[in-house]
file final-v5.csv (CSV, C-alpha atoms)
chain,number,residue,atom,x,y,z
A,1,MET,CA,0.0,0.0,0.0
A,2,ASN,CA,1.1,3.6,-0.7
A,3,ASP,CA,1.5,6.0,2.0
A,4,PRO,CA,-1.3,8.6,2.0
A,5,LYS,CA,1.3,11.3,2.7
A,6,ASP,CA,3.0,10.4,-0.5
A,7,GLN,CA,-0.3,10.6,-2.4
A,8,ASN,CA,-0.9,14.1,-1.1
A,9,ARG,CA,2.6,15.2,-2.1
A,10,SER,CA,2.1,14.0,-5.6
A,11,VAL,CA,-0.7,16.4,-6.3
A,12,PHE,CA,1.0,19.6,-5.2
A,13,GLY,CA,2.9,21.9,-7.5
A,14,ARG,CA,2.7,22.5,-11.2
A,15,ALA,CA,3.3,19.0,-11.9
A,16,GLY,CA,0.0,18.3,-10.4
A,17,ASP,CA,-1.8,20.8,-12.7
A,18,ARG,CA,-2.6,18.2,-15.3
A,19,ALA,CA,-4.0,15.9,-12.7
A,20,SER,CA,-6.1,18.6,-10.9
A,21,THR,CA,-9.4,19.8,-11.9
A,22,PRO,CA,-9.6,23.2,-13.8
A,23,SER,CA,-11.4,24.7,-10.8
A,24,GLY,CA,-8.9,23.6,-8.2
A,25,PRO,CA,-6.2,25.8,-6.8
A,26,ILE,CA,-2.7,26.0,-8.3
A,27,VAL,CA,-0.1,25.4,-5.6
A,28,PRO,CA,3.5,26.3,-6.7
A,29,VAL,CA,6.3,23.8,-6.2
A,30,SER,CA,8.7,26.5,-5.1
A,31,PRO,CA,8.8,30.2,-4.4
A,32,SER,CA,10.7,31.0,-7.6
A,33,GLN,CA,8.0,29.3,-9.6
A,34,ALA,CA,5.3,31.3,-7.9
A,35,LEU,CA,6.9,34.5,-9.3
A,36,LYS,CA,6.7,33.3,-12.9
A,37,PRO,CA,3.7,34.7,-14.9
A,38,GLU,CA,1.0,32.3,-15.8
A,39,GLN,CA,0.6,31.5,-19.5
A,40,ALA,CA,-2.8,32.7,-20.9
A,41,PRO,CA,-4.9,30.1,-22.4
A,42,GLN,CA,-5.1,30.1,-26.2
A,43,PRO,CA,-8.3,31.5,-27.8
A,44,PRO,CA,-10.6,29.0,-29.4
A,45,LYS,CA,-10.1,28.5,-33.0
A,46,ARG,CA,-12.8,29.8,-35.4
A,47,SER,CA,-14.7,27.1,-37.2
A,48,ARG,CA,-14.3,26.7,-40.9
A,49,ARG,CA,-18.0,27.6,-41.2
A,50,ALA,CA,-17.6,30.9,-39.5
A,51,ARG,CA,-14.7,31.8,-41.9
A,52,ASN,CA,-16.8,31.0,-45.0
A,53,GLN,CA,-17.0,34.0,-47.3
A,54,ILE,CA,-20.7,33.4,-48.0
A,55,VAL,CA,-21.4,33.6,-44.2
A,56,VAL,CA,-19.4,36.9,-44.0
A,57,PHE,CA,-21.4,38.3,-47.0
A,58,LEU,CA,-24.7,37.3,-45.5
A,59,ASN,CA,-23.7,38.9,-42.2
A,60,PHE,CA,-22.9,42.1,-44.1
A,61,ILE,CA,-26.2,42.1,-45.9
A,62,LEU,CA,-28.2,41.5,-42.7
A,63,SER,CA,-26.4,44.4,-41.0
A,64,LEU,CA,-27.0,46.6,-44.0
A,65,ILE,CA,-30.7,45.7,-44.0
A,66,ILE,CA,-31.0,46.6,-40.4
A,67,PHE,CA,-29.2,49.9,-40.9
A,68,VAL,CA,-31.4,50.8,-43.9
A,69,ALA,CA,-34.5,49.8,-42.0
A,70,ILE,CA,-33.6,52.1,-39.1
A,71,ILE,CA,-32.9,55.0,-41.5
A,72,GLY,CA,-36.2,54.3,-43.3
A,73,ILE,CA,-38.2,54.2,-40.1
A,74,GLY,CA,-36.6,57.5,-39.2
A,75,VAL,CA,-37.3,59.1,-42.6
A,76,PHE,CA,-40.9,57.8,-42.5
A,77,TRP,CA,-41.5,59.1,-39.0
A,78,TYR,CA,-40.1,62.5,-40.0
A,79,GLY,CA,-42.2,62.7,-43.2
A,80,HIS,CA,-45.3,61.5,-41.5
A,81,SER,CA,-44.8,64.2,-38.8
A,82,GLU,CA,-44.3,66.9,-41.3
A,83,PHE,CA,-47.4,65.7,-43.4
A,84,GLU,CA,-49.6,65.9,-40.3
A,85,ALA,CA,-48.1,69.0,-38.7
A,86,ASN,CA,-49.6,72.5,-39.0
A,87,GLY,CA,-48.6,74.3,-42.2
A,88,PRO,CA,-46.8,77.6,-42.5
A,89,LEU,CA,-49.8,79.7,-43.6
A,90,ASP,CA,-50.5,82.5,-41.1
A,91,GLN,CA,-53.8,83.6,-42.8
A,92,THR,CA,-56.4,81.9,-45.0
A,93,THR,CA,-55.7,82.0,-48.7
A,94,ASP,CA,-57.1,80.7,-52.0
A,95,TYR,CA,-55.4,78.3,-54.3
A,96,MET,CA,-56.4,77.4,-57.8
A,97,VAL,CA,-55.9,73.8,-59.1
A,98,ARG,CA,-56.0,74.0,-62.8
A,99,ASP,CA,-57.8,71.4,-64.8
A,100,GLY,CA,-55.4,68.7,-65.9
A,101,ALA,CA,-52.7,69.7,-63.4
A,102,GLY,CA,-50.6,66.7,-62.0
A,103,LEU,CA,-49.8,66.0,-58.4
A,104,ASN,CA,-46.2,67.2,-58.7
A,105,GLN,CA,-47.2,70.4,-60.4
A,106,ILE,CA,-49.8,71.1,-57.7
A,107,ALA,CA,-47.3,70.3,-54.9
A,108,ALA,CA,-44.7,72.7,-56.5
A,109,GLY,CA,-47.2,75.5,-56.7
A,110,LEU,CA,-48.2,75.0,-53.1
A,111,GLU,CA,-44.6,75.2,-51.9
A,112,ARG,CA,-43.9,78.2,-54.2
A,113,GLN,CA,-46.8,80.1,-52.5
A,114,GLY,CA,-45.7,79.1,-49.0
A,115,ILE,CA,-48.7,77.0,-48.3
A,116,ILE,CA,-46.6,73.8,-47.6
A,117,THR,CA,-43.0,73.4,-46.5
A,118,ASN,CA,-41.9,70.4,-48.7
A,119,GLN,CA,-43.4,69.4,-52.0
A,120,ARG,CA,-41.8,65.9,-52.0
A,121,ILE,CA,-43.4,65.1,-48.6
A,122,PHE,CA,-46.7,66.4,-49.9
A,123,SER,CA,-46.5,64.3,-53.1
A,124,LEU,CA,-45.6,61.1,-51.2
A,125,GLY,CA,-48.2,61.7,-48.5
A,126,ALA,CA,-50.9,62.5,-51.1
A,127,LYS,CA,-50.2,59.2,-52.9
A,128,GLY,CA,-50.8,57.4,-49.7
A,129,VAL,CA,-54.0,59.2,-48.9
A,130,LEU,CA,-55.4,59.2,-52.4
A,131,GLY,CA,-54.9,55.7,-53.5
A,132,ASP,CA,-56.6,55.4,-56.9
A,133,ASP,CA,-58.3,58.8,-56.4
A,134,THR,CA,-57.1,62.2,-57.7
A,135,LEU,CA,-57.0,65.8,-56.7
A,136,LYS,CA,-60.0,67.7,-58.2
A,137,ALA,CA,-59.6,70.9,-60.2
A,138,GLY,CA,-61.1,74.0,-58.6
A,139,GLU,CA,-60.4,77.0,-56.4
A,140,TYR,CA,-59.9,76.1,-52.8
A,141,GLU,CA,-60.0,78.1,-49.6
A,142,ILE,CA,-57.0,76.9,-47.5
A,143,LYS,CA,-57.3,77.8,-43.8
A,144,ALA,CA,-54.4,79.3,-41.9
A,145,GLY,CA,-52.1,76.6,-40.4
A,146,ALA,CA,-53.7,73.8,-42.6
A,147,SER,CA,-51.6,70.6,-42.6
A,148,MET,CA,-50.6,68.9,-45.8
A,149,ARG,CA,-53.1,66.1,-45.0
A,150,GLU,CA,-55.9,68.6,-44.6
A,151,ILE,CA,-55.0,70.2,-48.0
A,152,VAL,CA,-54.9,66.8,-49.7
A,153,GLU,CA,-58.3,65.8,-48.3
A,154,LEU,CA,-59.8,69.2,-49.2
A,155,MET,CA,-58.6,68.9,-52.8
A,156,GLN,CA,-59.7,65.2,-52.9
A,157,SER,CA,-63.2,66.1,-51.9
A,158,GLY,CA,-63.6,68.7,-54.7
A,159,LYS,CA,-65.3,71.2,-52.3
A,160,SER,CA,-64.0,74.2,-54.1
A,161,ILE,CA,-65.0,77.8,-53.6
A,162,LEU,CA,-68.4,78.4,-55.3
A,163,HIS,CA,-69.2,81.8,-56.8
A,164,THR,CA,-72.7,83.0,-57.7
A,165,PHE,CA,-74.3,84.5,-60.8
A,166,THR,CA,-77.7,86.0,-60.2
A,167,VAL,CA,-80.2,86.9,-62.9
A,168,PRO,CA,-83.1,89.0,-61.7
A,169,GLU,CA,-86.6,88.1,-62.9
A,170,GLY,CA,-87.8,90.0,-66.0
A,171,GLN,CA,-84.5,90.6,-67.7
A,172,THR,CA,-84.2,90.0,-71.4
A,173,VAL,CA,-81.7,87.6,-73.0
A,174,GLN,CA,-79.7,90.6,-74.2
A,175,GLN,CA,-79.5,92.0,-70.6
A,176,VAL,CA,-78.5,88.6,-69.3
A,177,PHE,CA,-75.7,88.4,-71.9
A,178,ASP,CA,-74.5,91.9,-70.8
A,179,ARG,CA,-74.3,90.7,-67.2
A,180,LEU,CA,-72.4,87.6,-68.2
A,181,ARG,CA,-70.0,89.7,-70.2
A,182,GLU,CA,-69.2,91.7,-67.0
A,183,ALA,CA,-68.8,88.7,-64.8
A,184,THR,CA,-65.0,88.6,-64.5
A,185,VAL,CA,-64.9,85.3,-62.6
A,186,LEU,CA,-66.3,83.5,-65.7
A,187,VAL,CA,-64.2,82.7,-68.7
A,188,GLY,CA,-64.7,82.1,-72.4
A,189,ASP,CA,-66.8,83.9,-75.0
A,190,LEU,CA,-70.5,84.2,-75.1
A,191,PRO,CA,-72.4,82.1,-77.8
A,192,GLU,CA,-72.6,83.9,-81.1
A,193,GLU,CA,-76.3,83.3,-81.3
A,194,MET,CA,-78.6,84.3,-78.4
A,195,PRO,CA,-81.2,81.9,-77.1
A,196,ALA,CA,-84.8,82.7,-77.8
A,197,GLU,CA,-86.4,85.2,-75.5
A,198,GLY,CA,-87.8,83.6,-72.4
A,199,ALA,CA,-85.6,80.5,-72.7
A,200,LEU,CA,-83.5,81.3,-69.6
A,201,LEU,CA,-84.6,80.8,-66.0
A,202,PRO,CA,-83.8,83.7,-63.8
A,203,GLU,CA,-82.1,82.3,-60.6
A,204,THR,CA,-78.9,82.4,-58.7
A,205,TYR,CA,-76.4,79.9,-60.1
A,206,LYS,CA,-73.4,78.6,-58.3
A,207,PHE,CA,-70.2,77.8,-60.1
A,208,SER,CA,-66.5,77.3,-59.5
A,209,ARG,CA,-63.7,79.5,-61.0
A,210,GLY,CA,-62.9,78.5,-64.5
A,211,THR,CA,-66.6,77.9,-65.5
A,212,THR,CA,-67.3,79.3,-69.0
A,213,ARG,CA,-70.1,81.8,-69.9
A,214,ALA,CA,-71.4,79.3,-72.3
A,215,GLU,CA,-71.8,76.7,-69.5
A,216,ILE,CA,-73.9,79.2,-67.5
A,217,ILE,CA,-76.1,79.8,-70.5
A,218,ASP,CA,-76.6,76.1,-71.0
A,219,GLN,CA,-77.3,75.6,-67.3
A,220,MET,CA,-80.0,78.4,-67.3
A,221,ALA,CA,-81.6,77.0,-70.4
A,222,LYS,CA,-81.8,73.5,-68.9
A,223,ALA,CA,-83.2,74.9,-65.7
A,224,GLN,CA,-85.9,76.7,-67.6
A,225,THR,CA,-86.9,73.6,-69.5
A,226,ARG,CA,-87.2,71.5,-66.3
A,227,ALA,CA,-89.2,74.2,-64.5
A,228,LEU,CA,-91.6,74.8,-67.4
A,229,GLU,CA,-92.2,71.1,-67.8
A,230,GLN,CA,-93.2,70.8,-64.1
A,231,ILE,CA,-95.3,73.9,-64.1
A,232,TRP,CA,-97.1,73.0,-67.3
A,233,GLU,CA,-98.1,69.6,-65.9
A,234,ARG,CA,-99.6,71.2,-62.8
A,235,ARG,CA,-101.5,74.0,-64.7
A,236,ALA,CA,-105.2,74.6,-64.0
A,237,PRO,CA,-107.6,73.1,-66.4
A,238,GLY,CA,-109.4,75.2,-69.0
A,239,LEU,CA,-106.7,77.9,-69.5
A,240,PRO,CA,-106.8,79.8,-72.8
A,241,LEU,CA,-103.2,78.7,-73.4
A,242,GLU,CA,-102.5,76.1,-76.0
A,243,THR,CA,-98.7,75.6,-75.6
A,244,ARG,CA,-95.9,76.0,-73.1
A,245,GLU,CA,-94.6,78.9,-75.1
A,246,GLU,CA,-97.8,80.8,-74.7
A,247,LEU,CA,-97.6,80.2,-70.9
A,248,VAL,CA,-94.1,81.7,-70.9
A,249,ILE,CA,-95.3,84.7,-73.1
A,250,LEU,CA,-98.0,85.6,-70.7
A,251,ALA,CA,-95.7,85.0,-67.7
A,252,SER,CA,-93.2,87.4,-69.1
A,253,ILE,CA,-95.9,90.1,-69.3
A,254,VAL,CA,-97.0,89.4,-65.7
A,255,GLU,CA,-93.4,89.5,-64.6
A,256,LYS,CA,-92.9,93.0,-66.1
A,257,GLU,CA,-96.2,94.3,-64.8
A,258,THR,CA,-95.6,93.6,-61.1
A,259,ALA,CA,-92.7,92.8,-58.8
A,260,ARG,CA,-94.9,91.8,-55.9
A,261,ALA,CA,-95.3,88.1,-55.4
A,262,ASP,CA,-98.7,88.4,-53.8
A,263,GLU,CA,-100.1,90.2,-56.8
A,264,ARG,CA,-98.8,88.0,-59.6
A,265,PRO,CA,-101.7,85.4,-59.5
A,266,ARG,CA,-104.3,88.3,-59.5
A,267,VAL,CA,-102.5,90.1,-62.4
A,268,ALA,CA,-102.4,86.8,-64.2
A,269,GLY,CA,-106.1,86.3,-63.5
A,270,VAL,CA,-106.9,89.7,-65.1
A,271,PHE,CA,-105.0,88.7,-68.3
A,272,ILE,CA,-106.6,85.3,-68.4
A,273,ASN,CA,-110.1,86.9,-68.1
A,274,ARG,CA,-109.3,89.3,-71.0
A,275,LEU,CA,-108.0,86.5,-73.2
A,276,GLU,CA,-111.1,84.5,-72.6
A,277,ARG,CA,-113.4,87.5,-73.5
A,278,GLY,CA,-111.3,88.5,-76.5
A,279,ILE,CA,-110.2,91.8,-74.9
A,280,ARG,CA,-106.8,93.2,-75.8
A,281,LEU,CA,-104.3,92.9,-73.0
A,282,GLN,CA,-103.2,96.6,-73.2
A,283,SER,CA,-100.0,96.0,-71.3
A,284,ASP,CA,-97.4,98.9,-71.3
A,285,PRO,CA,-94.4,96.6,-71.1
A,286,THR,CA,-95.3,95.1,-74.5
A,287,ILE,CA,-95.2,98.7,-76.0
A,288,ILE,CA,-91.6,99.1,-74.6
A,289,TYR,CA,-90.4,95.7,-76.0
A,290,GLY,CA,-91.9,96.5,-79.4
A,291,LEU,CA,-90.0,99.7,-79.5
A,292,PHE,CA,-86.7,98.9,-77.9
A,293,GLY,CA,-86.5,95.1,-78.0
A,294,GLY,CA,-84.1,93.3,-75.6
A,295,ALA,CA,-82.1,96.4,-74.9
A,296,GLY,CA,-84.9,97.9,-72.8
A,297,LYS,CA,-86.2,101.4,-72.6
A,298,PRO,CA,-83.8,104.1,-71.5
A,299,SER,CA,-84.5,105.1,-67.9
A,300,ASP,CA,-85.0,108.8,-68.8
A,301,ARG,CA,-87.5,108.2,-71.6
A,302,PRO,CA,-91.2,108.2,-70.9
A,303,ILE,CA,-93.9,106.4,-72.8
A,304,TYR,CA,-95.6,108.9,-75.1
A,305,LYS,CA,-99.2,108.7,-76.3
A,306,SER,CA,-97.9,108.1,-79.8
A,307,ASP,CA,-96.0,105.0,-78.6
A,308,ILE,CA,-99.3,103.5,-77.4
A,309,GLU,CA,-100.8,103.9,-80.8
A,310,LYS,CA,-97.7,102.8,-82.7
A,311,PRO,CA,-98.2,99.4,-84.4
A,312,THR,CA,-95.6,96.8,-83.6
A,313,PRO,CA,-95.9,93.0,-83.4
A,314,TYR,CA,-95.7,93.3,-79.6
A,315,ASN,CA,-98.0,96.3,-78.8
A,316,THR,CA,-101.0,94.7,-77.1
A,317,TYR,CA,-102.8,98.0,-77.4
A,318,VAL,CA,-102.9,97.3,-81.1
A,319,ILE,CA,-102.7,93.5,-81.6
A,320,ASP,CA,-105.2,91.0,-80.4
A,321,ALA,CA,-104.2,88.2,-78.0
A,322,LEU,CA,-100.6,87.5,-77.1
A,323,PRO,CA,-97.4,88.8,-78.7
A,324,PRO,CA,-95.4,86.4,-80.9
A,325,THR,CA,-92.7,85.8,-78.3
A,326,PRO,CA,-92.0,86.5,-74.6
A,327,ILE,CA,-90.9,90.0,-73.8
A,328,ALA,CA,-88.4,88.9,-71.0
A,329,ASN,CA,-87.3,85.9,-69.0
A,330,PRO,CA,-90.0,85.2,-66.4
A,331,GLY,CA,-89.2,83.7,-63.1
A,332,ARG,CA,-90.6,80.5,-61.7
A,333,GLU,CA,-93.3,82.3,-59.6
A,334,ALA,CA,-94.6,84.3,-62.5
A,335,MET,CA,-95.0,81.1,-64.6
A,336,GLU,CA,-96.7,79.4,-61.6
A,337,ALA,CA,-99.0,82.4,-61.3
A,338,VAL,CA,-100.1,82.0,-65.0
A,339,ALA,CA,-100.5,78.3,-64.6
A,340,ASN,CA,-102.7,78.7,-61.6
A,341,PRO,CA,-104.2,82.3,-61.7
A,342,SER,CA,-106.5,83.8,-59.1
A,343,ARG,CA,-110.2,83.2,-59.7
A,344,THR,CA,-111.4,86.7,-60.1
A,345,LYS,CA,-113.7,88.8,-62.3
A,346,ASP,CA,-111.2,91.6,-62.5
A,347,LEU,CA,-110.6,93.0,-66.0
A,348,TYR,CA,-108.4,96.0,-65.2
A,349,PHE,CA,-105.6,97.1,-62.9
A,350,VAL,CA,-103.6,100.3,-62.5
A,351,ALA,CA,-100.8,101.4,-60.1
A,352,ASP,CA,-102.1,102.6,-56.8
A,353,GLY,CA,-99.1,104.8,-56.0
A,354,THR,CA,-97.8,102.6,-53.2
A,355,GLY,CA,-95.9,100.0,-55.3
A,356,GLY,CA,-99.0,97.8,-55.8
A,357,HIS,CA,-102.1,97.9,-58.0
A,358,ALA,CA,-105.7,98.8,-57.7
A,359,PHE,CA,-108.0,96.2,-59.5
A,360,ALA,CA,-111.4,96.7,-61.0
A,361,GLU,CA,-114.1,94.6,-62.6
A,362,THR,CA,-115.7,97.4,-64.6
A,363,LEU,CA,-114.4,100.2,-66.7
A,364,ASP,CA,-116.0,102.8,-64.5
A,365,GLU,CA,-114.2,101.5,-61.4
A,366,HIS,CA,-111.0,101.4,-63.4
A,367,ASN,CA,-111.4,105.0,-64.5
A,368,THR,CA,-111.9,106.0,-60.9
A,369,ASN,CA,-108.7,104.2,-60.0
A,370,VAL,CA,-106.8,105.8,-62.9
A,371,ALA,CA,-107.9,109.3,-61.8
A,372,ARG,CA,-106.8,108.6,-58.2
A,373,TRP,CA,-103.4,107.4,-59.5
A,374,ARG,CA,-102.9,110.4,-61.7
A,375,ARG,CA,-103.7,112.7,-58.8
A,376,LEU,CA,-101.2,110.9,-56.6
A,377,GLU,CA,-98.6,111.0,-59.4
A,378,ALA,CA,-99.2,114.7,-59.8
A,379,GLU,CA,-98.7,115.3,-56.1
A,380,ARG,CA,-95.6,113.2,-56.1
A,381,GLN,CA,-94.1,115.1,-59.0
A,382,LYS,CA,-95.0,118.4,-57.3
A,383,ALA,CA,-93.2,117.2,-54.1
A,384,LEU,CA,-90.1,116.2,-56.1
A,385,ALA,CA,-90.0,119.6,-57.8
A,386,ALA,CA,-90.3,121.3,-54.4
A,387,GLU,CA,-87.4,119.2,-53.0
A,388,LYS,CA,-85.3,120.0,-56.0
A,389,ALA,CA,-86.0,123.7,-55.7
A,390,ALA,CA,-85.1,123.7,-52.0
A,391,ALA,CA,-81.9,121.8,-52.7
A,392,ASP,CA,-80.9,124.3,-55.4
A,393,ALA,CA,-81.6,127.2,-53.1
A,394,GLU,CA,-79.2,125.8,-50.5
A,395,LYS,CA,-76.3,125.5,-52.9
A,396,PRO,CA,-73.7,128.2,-52.5
A,397,GLU,CA,-73.5,130.8,-55.3
A,398,GLY,CA,-71.2,130.0,-58.1
A,399,ASN,CA,-71.8,126.2,-57.9
call {"tool": "encode", "arguments": {"input": "final-v5.csv", "output": "structure tokens"}}
result
Amino acid sequence: MNDPKDQNRSVFGRAGDRASTPSGPIVPVSPSQALKPEQAPQPPKRSRRARNQIVVFLNFILSLIIFVAIIGIGVFWYGHSEFEANGPLDQTTDYMVRDGAGLNQIAAGLERQGIITNQRIFSLGAKGVLGDDTLKAGEYEIKAGASMREIVELMQSGKSILHTFTVPEGQTVQQVFDRLREATVLVGDLPEEMPAEGALLPETYKFSRGTTRAEIIDQMAKAQTRALEQIWERRAPGLPLETREELVILASIVEKETARADERPRVAGVFINRLERGIRLQSDPTIIYGLFGGAGKPSDRPIYKSDIEKPTPYNTYVIDALPPTPIANPGREAMEAVANPSRTKDLYFVADGTGGHAFAETLDEHNTNVARWRRLEAERQKALAAEKAAADAEKPEGN
């Protein structure tokens, strides 16, 4: 048997390192050996697989993808923030999107006018919002501080600024053309040939900038056709009117005779009664149209007695029944009044001096009303003359 002491001695010192476990203590054989530095262990060798060029390349590609993804996320976050952020406008402004303008062209124009900060971000963001949709042409009101997204959504909706063109009831086609010619928001030339008198419906029409004058004329004509069709279908039975055009002719006379809505059915009733009895209409506006046509009577020219007796195709003091065409463009209410006139026995009416008319069933009653109106008119003229004289007296000498 071996001595246990000998066994213990055999495991001490560096000679025993190979026999000891890696975690066991190192006991030097002598003091000199204890002063010698320990030799560092060799690093593990890389496997052949890790040294493979394909693996190195794939590692590079993966790192590049991660780097690009981080950059992309950052760029996307920045662009999205700019797209959603309040814009640079400090006050509301208008911007016109021309018909046929592309997205990049619109974006460049917005940046040039200081409405957005970056046209590239606007274009990219708009593509994401629009999908297969497009920005609509028109004039848009862009609010102060509007974001790029809000501008895109506004132009996508097509809710552009709407302008209005109003035609008063009773204007002739020539007068409507004059108004259209002066409407600077509209574009394009007027049609060379005017529509027939009475073919346009007087109303307020809404349109966007860039609408042509011809388009407004077409819109008015179509509106008149629709309105007349509806009114004709709802007309009272037994009217002495054979066609839609005759309804428009009489409505144009009613329109020119009174501007009061509450009087139109009664005035229409008077003319219907006269037509049924074969009495001439004797309407002053028909005298004026026969003399001056669509241009209208000059404001400073009165109707003379010779005008009443002058034969024209429109003078209802001379001709029987209706004129050959309307004398103006009647409004919807005037046409409805003719289609459903008041049931009355009145055959006459004359101005009452207050903006309305006095109606009568007999000629004697009518003559009384005419005398009253002439007296009131004489008093009015006398009062106007007195006011003018007083005003002239107050003017300093030499003026």
call {"tool": "closest_residue", "arguments": {"input": "final-v5.csv", "among": "A:Ala334, A:Leu110, A:Leu322, A:Leu200", "to": "A:Lys256", "atoms": "all atoms listed in the file"}}
result
A:Ala334
call {"tool": "atom_distance", "arguments": {"input": "final-v5.csv", "atom1": "atom CA of A:Val187", "atom2": "atom CA of A:Thr92"}}
result
25.0 Å
call {"tool": "closest_residue", "arguments": {"input": "final-v5.csv", "among": "A:Glu229, A:Glu309, A:Glu153, A:Glu255", "to": "A:Gly128", "atoms": "all atoms listed in the file"}}
result
A:Glu153
call {"tool": "atom_distance", "arguments": {"input": "final-v5.csv", "atom1": "atom CA of A:Gln224", "atom2": "atom CA of A:Val185"}}
result
23.2 Å
call {"tool": "closest_residue", "arguments": {"input": "final-v5.csv", "among": "A:Asn118, A:Pro323, A:Met194, A:Arg209", "to": "A:His163", "atoms": "all atoms listed in the file"}}
result
A:Arg209
call {"tool": "closest_residue", "arguments": {"input": "final-v5.csv", "among": "A:Thr258, A:Thr316, A:Ser123, A:Ser252", "to": "A:Arg280", "atoms": "only C-alpha atoms"}}
result
A:Thr316
call {"tool": "residues_around", "arguments": {"input": "final-v5.csv", "residues": "A:Glu82", "least_positions_apart": "4", "cutoff": "12 Å", "atoms": "all atoms listed in the file", "output": "list of chain:residue names"}}
result
A:Val75, A:Phe76, A:Trp77, A:Tyr78, A:Asn86, A:Gly87, A:Pro88, A:Ile116, A:Thr117, A:Asn118, A:Gln119, A:Arg120, A:Ile121, A:Phe122, A:Leu124, A:Gly125, A:Ala146, A:Ser147, A:Met148, A:Arg149
call {"tool": "write_last_selection", "arguments": {"input": "final-v5.csv", "atoms": "C-alpha atoms", "output": "mmCIF file, in the coordinates of the input"}}
result
data_model
loop_
_atom_site.group_PDB
_atom_site.id
_atom_site.type_symbol
_atom_site.label_atom_id
_atom_site.label_comp_id
_atom_site.auth_asym_id
_atom_site.auth_seq_id
_atom_site.Cartn_x
_atom_site.Cartn_y
_atom_site.Cartn_z
ATOM 1 C CA VAL A 75 -37.300 59.100 -42.600
ATOM 2 C CA PHE A 76 -40.900 57.800 -42.500
ATOM 3 C CA TRP A 77 -41.500 59.100 -39.000
ATOM 4 C CA TYR A 78 -40.100 62.500 -40.000
ATOM 5 C CA ASN A 86 -49.600 72.500 -39.000
ATOM 6 C CA GLY A 87 -48.600 74.300 -42.200
ATOM 7 C CA PRO A 88 -46.800 77.600 -42.500
ATOM 8 C CA ILE A 116 -46.600 73.800 -47.600
ATOM 9 C CA THR A 117 -43.000 73.400 -46.500
ATOM 10 C CA ASN A 118 -41.900 70.400 -48.700
ATOM 11 C CA GLN A 119 -43.400 69.400 -52.000
ATOM 12 C CA ARG A 120 -41.800 65.900 -52.000
ATOM 13 C CA ILE A 121 -43.400 65.100 -48.600
ATOM 14 C CA PHE A 122 -46.700 66.400 -49.900
ATOM 15 C CA LEU A 124 -45.600 61.100 -51.200
ATOM 16 C CA GLY A 125 -48.200 61.700 -48.500
ATOM 17 C CA ALA A 146 -53.700 73.800 -42.600
ATOM 18 C CA SER A 147 -51.600 70.600 -42.600
ATOM 19 C CA MET A 148 -50.600 68.900 -45.800
ATOM 20 C CA ARG A 149 -53.100 66.100 -45.000
#
call {"tool": "atom_distance", "arguments": {"input": "final-v5.csv", "atom1": "atom CA of A:Val173", "atom2": "atom CA of A:Pro191"}}
result
11.8 Å
call {"tool": "closest_residue", "arguments": {"input": "final-v5.csv", "among": "A:Ala196, A:Ala183, A:Ala144, A:Leu247", "to": "A:Ile216", "atoms": "all atoms listed in the file"}}
result
A:Ala183
call {"tool": "residues_near_point", "arguments": {"input": "final-v5.csv", "point": "(-69.2, 82.8, -72.6)", "cutoff": "6 Å", "atoms": "only C-alpha atoms", "output": "list in words"}}
result
Gly188, Asp189, Leu190, Thr212, Arg213 and Ala214 of chain A
call {"tool": "closest_atom_pairs", "arguments": {"input": "final-v5.csv", "of": "stretch 135-176 of chain A", "to": "stretch 290-297 of chain A", "cutoff": "12 Å", "atoms": "all atoms listed in the file", "output": "tab-separated table"}}
result
residue	atom	partner	partner_atom	distance
A:Gly170	CA	A:Gly294	CA	10.8
A:Gln171	CA	A:Gly294	CA	8.4
A:Thr172	CA	A:Gly294	CA	5.3
A:Val173	CA	A:Gly294	CA	6.7
A:Gln174	CA	A:Gly294	CA	5.3
A:Gln175	CA	A:Ala295	CA	6.7
A:Val176	CA	A:Gly294	CA	9.7
call {"tool": "residues_around", "arguments": {"input": "final-v5.csv", "residues": "A:Gly158", "least_positions_apart": "2", "cutoff": "10 Å", "atoms": "only C-alpha atoms", "output": "NGL selection string"}}
result
:A and (134-140 or 153-156 or 160-161)
call {"tool": "write_last_selection", "arguments": {"input": "final-v5.csv", "atoms": "C-alpha atoms", "output": "CSV table (one decimal), keeping the file's coordinate frame"}}
result
chain,number,residue,atom,x,y,z
A,134,THR,CA,-57.1,62.2,-57.7
A,135,LEU,CA,-57.0,65.8,-56.7
A,136,LYS,CA,-60.0,67.7,-58.2
A,137,ALA,CA,-59.6,70.9,-60.2
A,138,GLY,CA,-61.1,74.0,-58.6
A,139,GLU,CA,-60.4,77.0,-56.4
A,140,TYR,CA,-59.9,76.1,-52.8
A,153,GLU,CA,-58.3,65.8,-48.3
A,154,LEU,CA,-59.8,69.2,-49.2
A,155,MET,CA,-58.6,68.9,-52.8
A,156,GLN,CA,-59.7,65.2,-52.9
A,160,SER,CA,-64.0,74.2,-54.1
A,161,ILE,CA,-65.0,77.8,-53.6
call {"tool": "residues_near_point", "arguments": {"input": "final-v5.csv", "point": "(-107.6, 106.1, -59.3)", "cutoff": "9 Å", "atoms": "all atoms listed in the file", "output": "NGL selection string"}}
result
:A and (350-352 or 358 or 365-376)
call {"tool": "closest_residue", "arguments": {"input": "final-v5.csv", "among": "A:Ala223, A:Glu333, A:Leu228, A:Thr354", "to": "A:Arg380", "atoms": "all atoms listed in the file"}}
result
A:Thr354
call {"tool": "residues_around", "arguments": {"input": "final-v5.csv", "residues": "stretch 235-239 of chain A", "least_positions_apart": "3", "cutoff": "6 Å", "atoms": "all atoms listed in the file", "output": "PyMOL selection string"}}
result
chain A and resi 232+339-340
call {"tool": "write_last_selection", "arguments": {"input": "final-v5.csv", "atoms": "C-alpha atoms", "output": "compact mmCIF listing (two decimals), in the frame of the given file"}}
result
# COMPACT_ATOMS: atom_id res chain seq x y z
CA TRP A 232 -97.10 73.00 -67.30
CA ALA A 339 -100.50 78.30 -64.60
CA ASN A 340 -102.70 78.70 -61.60
